[in-house]
Amino acid sequence: MSTQSLHSRQNLKKALFALPKGMPVTSSLLEQWGISRQLAHRYVQSGWLEPLGYGYFLRPGDTLTQTGAVAALETQGMALHIGGKAALSFMGVAHYLPLGKEKLFLYGTARKVLPAWFTRQFSCEVRISHLFKEEDELGKRLYVRRLEENEPCSPFIAEPERALLEMLDDVPQKQSLDEARKIMEPLYTLRPEALQTLLEACTRIKVKRLFFSVADELKLPVLKQLDLSRMDFGAPSVYILSRKGGSLILKHPRMASNG
């Protein structure tokens with residue numbers, strides 16, 4: 001075996017043990033470790049790697065996890081973060097939801113085709129939207145961080161305040177208002193500074209009004225710490241949200257607070 005080949009094999013062995021369990025090995029990572037496609041093919045033949053799909057490999061004996069799979073997508077350049085109801089579940093904020101058992105919701109600003117191995121393994125929906133005025137880059141999105149903050153191979157995930165607004169954006173077409181209300185009911189620790197920033201940057205009038213309507217109904221304490229004068233709620237007229245079983249009238253929060 002050549003010195004270069006031995007060096008590459010040592011690099012691979014070290015890197016494989018360093019990756020979190022459940023995370024596929026990607027061609028991007030292999031390239032960072034100085035391992036060519038030709039060498040990767042040889043490692044597949046020798047049993048060091050198992051082919052998962054184009055550009056993705058599984059370590060022998062490893063089992064895919066949702067978080068590991070999303071992290072692998074991100075290393076391959078897919079700017080998608082875990083958001084909405086799935087993020088609330090993963091972060092253990094909404095006790096109404098079972099941890100990691102809900103459908104996976106991934107958020108981005110450009111359409112991406114998920115690899116077949118991913119969609120076979122996980123129930124997932126991709127949301128493409130510009131819900132906030134912000135930069136597209138994962139690490140620069142408002143209140144999006146790594147699930148494990150000190151782990152560079154941990155996936156990006158929406159923090160609770162952002163995830164909540166992402167979930168409300170789905171009401172009523174893809175998310176029932178009744179379930180959204182149940183999820184919001186125990187959220188007494190929402191951070192006012194985070195919500196202030198997000199609501200100011202939010203591009204959807206419906207989402208902002210819906211948040212204030214439900215939060216007021218539930219008497220969430222965070223409402224008393226928000227400056228409504230810095231938020232755009234659209235025209236003074238009411239916003240009618242049509243849903244199955246009737247309609248919901250969303251008043252302009254500043255008008256409603258003045259009676």
# chains A, B, ... in the order shown; residues from 1 in each chain; ligands from 1
$ select_by_dssp --residues "range 52-158 of chain A" --states "strand (DSSP E or B)" --output "number ranges by chain"
A: 52-53, 56-58, 81-82, 104-108, 124-128, 132, 144-146, 156-158
$ residues_around --residues "Arg254 in chain A" --least-positions-apart "4" --cutoff "12 Å" --atoms "only C-alpha atoms" --output "PyMOL selection string"
chain A and resi 208-209+212-213+226-238+250+258-259
$ write_last_selection --atoms "N, CA and C atoms" --output "PDB file, in the first residue's frame"
ATOM      1  N   LYS A 208     -48.758  37.120  11.586  1.00  0.00           N
ATOM      2  CA  LYS A 208     -48.622  38.046  12.720  1.00  0.00           C
ATOM      3  C   LYS A 208     -49.947  38.225  13.440  1.00  0.00           C
ATOM      4  N   ARG A 209     -51.002  38.419  12.696  1.00  0.00           N
ATOM      5  CA  ARG A 209     -52.311  38.605  13.332  1.00  0.00           C
ATOM      6  C   ARG A 209     -52.783  37.327  14.018  1.00  0.00           C
ATOM      7  N   PHE A 212     -51.024  36.907  17.385  1.00  0.00           N
ATOM      8  CA  PHE A 212     -51.574  37.764  18.442  1.00  0.00           C
ATOM      9  C   PHE A 212     -52.967  37.330  18.856  1.00  0.00           C
ATOM     10  N   SER A 213     -53.775  36.855  17.922  1.00  0.00           N
ATOM     11  CA  SER A 213     -55.124  36.409  18.242  1.00  0.00           C
ATOM     12  C   SER A 213     -55.104  35.211  19.194  1.00  0.00           C
ATOM     13  N   LEU A 226     -44.141  42.956  24.255  1.00  0.00           N
ATOM     14  CA  LEU A 226     -43.892  43.223  22.844  1.00  0.00           C
ATOM     15  C   LEU A 226     -44.309  44.642  22.479  1.00  0.00           C
ATOM     16  N   ASP A 227     -43.528  45.279  21.616  1.00  0.00           N
ATOM     17  CA  ASP A 227     -43.824  46.627  21.145  1.00  0.00           C
ATOM     18  C   ASP A 227     -44.525  46.528  19.793  1.00  0.00           C
ATOM     19  N   LEU A 228     -45.843  46.640  19.806  1.00  0.00           N
ATOM     20  CA  LEU A 228     -46.638  46.489  18.596  1.00  0.00           C
ATOM     21  C   LEU A 228     -46.414  47.628  17.614  1.00  0.00           C
ATOM     22  N   SER A 229     -45.984  48.782  18.090  1.00  0.00           N
ATOM     23  CA  SER A 229     -45.824  49.948  17.218  1.00  0.00           C
ATOM     24  C   SER A 229     -44.735  49.742  16.167  1.00  0.00           C
ATOM     25  N   ARG A 230     -43.853  48.780  16.410  1.00  0.00           N
ATOM     26  CA  ARG A 230     -42.758  48.529  15.473  1.00  0.00           C
ATOM     27  C   ARG A 230     -43.090  47.413  14.471  1.00  0.00           C
ATOM     28  N   MET A 231     -44.310  46.917  14.491  1.00  0.00           N
ATOM     29  CA  MET A 231     -44.704  45.811  13.616  1.00  0.00           C
ATOM     30  C   MET A 231     -45.743  46.258  12.601  1.00  0.00           C
ATOM     31  N   ASP A 232     -45.662  45.680  11.412  1.00  0.00           N
ATOM     32  CA  ASP A 232     -46.601  45.993  10.335  1.00  0.00           C
ATOM     33  C   ASP A 232     -47.696  44.938  10.302  1.00  0.00           C
ATOM     34  N   PHE A 233     -48.941  45.382  10.610  1.00  0.00           N
ATOM     35  CA  PHE A 233     -50.072  44.453  10.614  1.00  0.00           C
ATOM     36  C   PHE A 233     -51.008  44.696   9.441  1.00  0.00           C
ATOM     37  N   GLY A 234     -50.563  45.496   8.475  1.00  0.00           N
ATOM     38  CA  GLY A 234     -51.387  45.747   7.306  1.00  0.00           C
ATOM     39  C   GLY A 234     -52.443  46.807   7.554  1.00  0.00           C
ATOM     40  N   ALA A 235     -53.459  46.807   6.689  1.00  0.00           N
ATOM     41  CA  ALA A 235     -54.535  47.793   6.766  1.00  0.00           C
ATOM     42  C   ALA A 235     -55.367  47.588   8.032  1.00  0.00           C
ATOM     43  N   PRO A 236     -56.068  48.652   8.464  1.00  0.00           N
ATOM     44  CA  PRO A 236     -56.889  48.544   9.689  1.00  0.00           C
ATOM     45  C   PRO A 236     -58.020  47.529   9.588  1.00  0.00           C
ATOM     46  N   SER A 237     -58.437  47.201   8.372  1.00  0.00           N
ATOM     47  CA  SER A 237     -59.564  46.277   8.209  1.00  0.00           C
ATOM     48  C   SER A 237     -59.229  44.890   8.738  1.00  0.00           C
ATOM     49  N   VAL A 238     -60.273  44.111   9.009  1.00  0.00           N
ATOM     50  CA  VAL A 238     -60.080  42.767   9.550  1.00  0.00           C
ATOM     51  C   VAL A 238     -59.567  41.837   8.458  1.00  0.00           C
ATOM     52  N   LEU A 250     -59.467  37.935  12.060  1.00  0.00           N
ATOM     53  CA  LEU A 250     -58.235  38.384  12.701  1.00  0.00           C
ATOM     54  C   LEU A 250     -58.182  39.907  12.657  1.00  0.00           C
ATOM     55  N   ASN A 258     -56.941  48.813  21.385  1.00  0.00           N
ATOM     56  CA  ASN A 258     -57.547  50.114  21.712  1.00  0.00           C
ATOM     57  C   ASN A 258     -59.061  50.032  21.806  1.00  0.00           C
ATOM     58  N   GLY A 259     -59.535  48.757  21.729  1.00  0.00           N
ATOM     59  CA  GLY A 259     -60.973  48.550  21.839  1.00  0.00           C
ATOM     60  C   GLY A 259     -61.652  48.673  20.498  1.00  0.00           C
TER      61      GLY A 259
END
$ residues_around --residues "Ser123 in chain A" --least-positions-apart "4" --cutoff "8 Å" --atoms "only C-alpha atoms" --output "list in words"
Lys103, Leu104 and Thr119 of chain A
$ write_last_selection --atoms "N, CA and C atoms" --output "compact mmCIF listing (two decimals), in the first residue's frame"
# COMPACT_ATOMS: atom_id res chain seq x y z
N LYS A 103 -44.06 14.24 11.61
CA LYS A 103 -43.50 14.41 10.27
C LYS A 103 -42.39 15.45 10.32
N LEU A 104 -41.37 15.24 9.51
CA LEU A 104 -40.24 16.15 9.46
C LEU A 104 -40.56 17.29 8.50
N THR A 119 -36.30 10.19 1.31
CA THR A 119 -37.76 10.14 1.29
C THR A 119 -38.30 8.74 1.56
$ closest_atom_pairs --of "range 26-116 of chain A" --to "range 143-162 of chain A" --cutoff "9 Å" --atoms "only C-alpha atoms" --output "CSV"
residue,atom,partner,partner_atom,distance
A:Thr67,CA,A:Pro155,CA,6.1
A:Gly68,CA,A:Pro155,CA,7.2
A:Ala69,CA,A:Pro155,CA,8.6
A:Val70,CA,A:Pro155,CA,6.0
A:Ala71,CA,A:Pro155,CA,4.4
A:Ala72,CA,A:Cys153,CA,8.1
A:Leu73,CA,A:Pro155,CA,9.0
A:Glu74,CA,A:Pro155,CA,7.3
A:Thr75,CA,A:Cys153,CA,8.3
A:Leu80,CA,A:Phe156,CA,7.7
A:His81,CA,A:Phe156,CA,5.0
A:Ile82,CA,A:Ile157,CA,4.5
A:Gly83,CA,A:Ala158,CA,5.0
A:Gly84,CA,A:Ala158,CA,7.4
A:Ala87,CA,A:Ala158,CA,6.0
A:Leu88,CA,A:Pro160,CA,5.9
A:Phe90,CA,A:Leu147,CA,8.5
A:Met91,CA,A:Pro160,CA,7.6
A:Val93,CA,A:Pro160,CA,7.0
A:Ala94,CA,A:Pro160,CA,8.9
A:Leu106,CA,A:Ile157,CA,8.9
$ closest_residue --among "A:Met23, A:Ala18, A:Ile128, A:Ile205" --to "Tyr107 in chain A" --atoms "only C-alpha atoms"
A:Ile128
$ atom_distance --atom1 "CA of Gln76 in chain A" --atom2 "CA of Asp62 in chain A"
19.7 Å
$ select_by_dssp --residues "range 10-111 of chain A" --states "helix (DSSP H, G or I)" --output "ChimeraX atom specification"
/A:10-18,27-32,37-45,66-75,84-90
$ write_last_selection --atoms "N, CA and C atoms" --output "compact mmCIF listing (two decimals), in the first residue's frame"
# COMPACT_ATOMS: atom_id res chain seq x y z
N GLN A 10 -6.20 6.20 6.90
CA GLN A 10 -6.15 6.67 8.28
C GLN A 10 -7.07 7.87 8.47
N ASN A 11 -7.09 8.77 7.45
CA ASN A 11 -8.00 9.91 7.50
C ASN A 11 -9.45 9.46 7.58
N LEU A 12 -9.80 8.48 6.76
CA LEU A 12 -11.16 7.98 6.73
C LEU A 12 -11.54 7.36 8.07
N LYS A 13 -10.67 6.51 8.59
CA LYS A 13 -10.97 5.83 9.86
C LYS A 13 -11.20 6.84 10.98
N LYS A 14 -10.33 7.84 11.04
CA LYS A 14 -10.44 8.87 12.08
C LYS A 14 -11.73 9.65 11.92
N ALA A 15 -12.06 10.02 10.66
CA ALA A 15 -13.26 10.81 10.40
C ALA A 15 -14.54 10.03 10.67
N LEU A 16 -14.55 8.76 10.32
CA LEU A 16 -15.74 7.96 10.53
C LEU A 16 -16.11 7.86 12.00
N PHE A 17 -15.12 7.72 12.84
CA PHE A 17 -15.38 7.63 14.27
C PHE A 17 -15.78 8.98 14.85
N ALA A 18 -15.39 10.07 14.18
CA ALA A 18 -15.70 11.41 14.68
C ALA A 18 -17.12 11.84 14.36
N SER A 27 -20.09 12.83 0.03
CA SER A 27 -18.95 13.07 -0.85
C SER A 27 -18.25 14.37 -0.50
N SER A 28 -19.00 15.35 0.00
CA SER A 28 -18.40 16.62 0.41
C SER A 28 -17.46 16.41 1.59
N LEU A 29 -17.88 15.59 2.55
CA LEU A 29 -17.02 15.30 3.70
C LEU A 29 -15.78 14.53 3.27
N LEU A 30 -15.97 13.55 2.41
CA LEU A 30 -14.83 12.76 1.93
C LEU A 30 -13.81 13.66 1.23
N GLU A 31 -14.31 14.61 0.46
CA GLU A 31 -13.41 15.54 -0.23
C GLU A 31 -12.63 16.38 0.78
N GLN A 32 -13.33 16.82 1.85
CA GLN A 32 -12.65 17.60 2.89
C GLN A 32 -11.56 16.77 3.57
N ARG A 37 -13.02 10.23 -5.13
CA ARG A 37 -14.13 9.33 -5.46
C ARG A 37 -13.63 7.92 -5.74
N GLN A 38 -12.45 7.84 -6.35
CA GLN A 38 -11.88 6.54 -6.64
C GLN A 38 -11.59 5.76 -5.35
N LEU A 39 -11.02 6.46 -4.37
CA LEU A 39 -10.75 5.82 -3.08
C LEU A 39 -12.04 5.44 -2.37
N ALA A 40 -13.03 6.33 -2.46
CA ALA A 40 -14.31 6.03 -1.85
C ALA A 40 -14.91 4.75 -2.44
N HIS A 41 -14.79 4.61 -3.74
CA HIS A 41 -15.28 3.39 -4.41
C HIS A 41 -14.55 2.16 -3.88
N ARG A 42 -13.24 2.29 -3.67
CA ARG A 42 -12.48 1.17 -3.13
C ARG A 42 -12.91 0.84 -1.70
N TYR A 43 -13.25 1.86 -0.92
CA TYR A 43 -13.69 1.62 0.45
C TYR A 43 -15.05 0.94 0.47
N VAL A 44 -15.88 1.22 -0.53
CA VAL A 44 -17.16 0.52 -0.66
C VAL A 44 -16.90 -0.96 -0.96
N GLN A 45 -15.97 -1.20 -1.87
CA GLN A 45 -15.65 -2.58 -2.24
C GLN A 45 -15.06 -3.36 -1.07
N GLN A 66 -33.04 10.89 11.92
CA GLN A 66 -33.56 12.07 11.24
C GLN A 66 -32.54 13.21 11.28
N THR A 67 -32.00 13.46 12.47
CA THR A 67 -31.07 14.58 12.60
C THR A 67 -29.79 14.35 11.81
N GLY A 68 -29.30 13.11 11.83
CA GLY A 68 -28.09 12.80 11.08
C GLY A 68 -28.31 12.93 9.58
N ALA A 69 -29.48 12.49 9.12
CA ALA A 69 -29.79 12.56 7.70
C ALA A 69 -29.90 14.01 7.23
N VAL A 70 -30.54 14.87 8.04
CA VAL A 70 -30.66 16.29 7.68
C VAL A 70 -29.28 16.95 7.67
N ALA A 71 -28.45 16.62 8.65
CA ALA A 71 -27.09 17.17 8.68
C ALA A 71 -26.32 16.79 7.42
N ALA A 72 -26.52 15.57 6.94
CA ALA A 72 -25.84 15.13 5.72
C ALA A 72 -26.32 15.93 4.51
N LEU A 73 -27.62 16.18 4.43
CA LEU A 73 -28.15 17.01 3.34
C LEU A 73 -27.48 18.38 3.35
N GLU A 74 -27.33 18.93 4.55
CA GLU A 74 -26.75 20.27 4.67
C GLU A 74 -25.29 20.30 4.23
N THR A 75 -24.54 19.23 4.53
CA THR A 75 -23.14 19.20 4.09
C THR A 75 -23.03 19.11 2.58
N GLY A 84 -40.84 24.59 12.03
CA GLY A 84 -42.24 24.38 12.32
C GLY A 84 -42.49 23.43 13.48
N LYS A 85 -43.53 22.62 13.32
CA LYS A 85 -43.94 21.70 14.38
C LYS A 85 -42.85 20.69 14.70
N ALA A 86 -42.07 20.29 13.69
CA ALA A 86 -40.99 19.33 13.92
C ALA A 86 -39.92 19.92 14.84
N ALA A 87 -39.59 21.19 14.65
CA ALA A 87 -38.58 21.84 15.49
C ALA A 87 -39.06 21.93 16.93
N LEU A 88 -40.31 22.26 17.13
CA LEU A 88 -40.86 22.34 18.49
C LEU A 88 -40.79 20.98 19.18
N SER A 89 -41.00 19.92 18.40
CA SER A 89 -40.92 18.57 18.95
C SER A 89 -39.48 18.22 19.32
N PHE A 90 -38.54 18.44 18.40
CA PHE A 90 -37.15 18.10 18.64
C PHE A 90 -36.57 18.85 19.85
$ atom_distance --atom1 "CA of Leu64 in chain A" --atom2 "CA of Gly139 in chain A"
24.0 Å
$ atom_distance --atom1 "CA of Leu49 in chain A" --atom2 "CA of Pro24 in chain A"
9.8 Å
$ closest_residue --among "A:Thr109, A:Ser46, A:Gln196, A:Ser247" --to "Val222 in chain A" --atoms "only C-alpha atoms"
A:Gln196
$ closest_residue --among "A:Lys112, A:His130, A:Lys206, A:Lys224" --to "Pro192 in chain A" --atoms "only C-alpha atoms"
A:Lys224
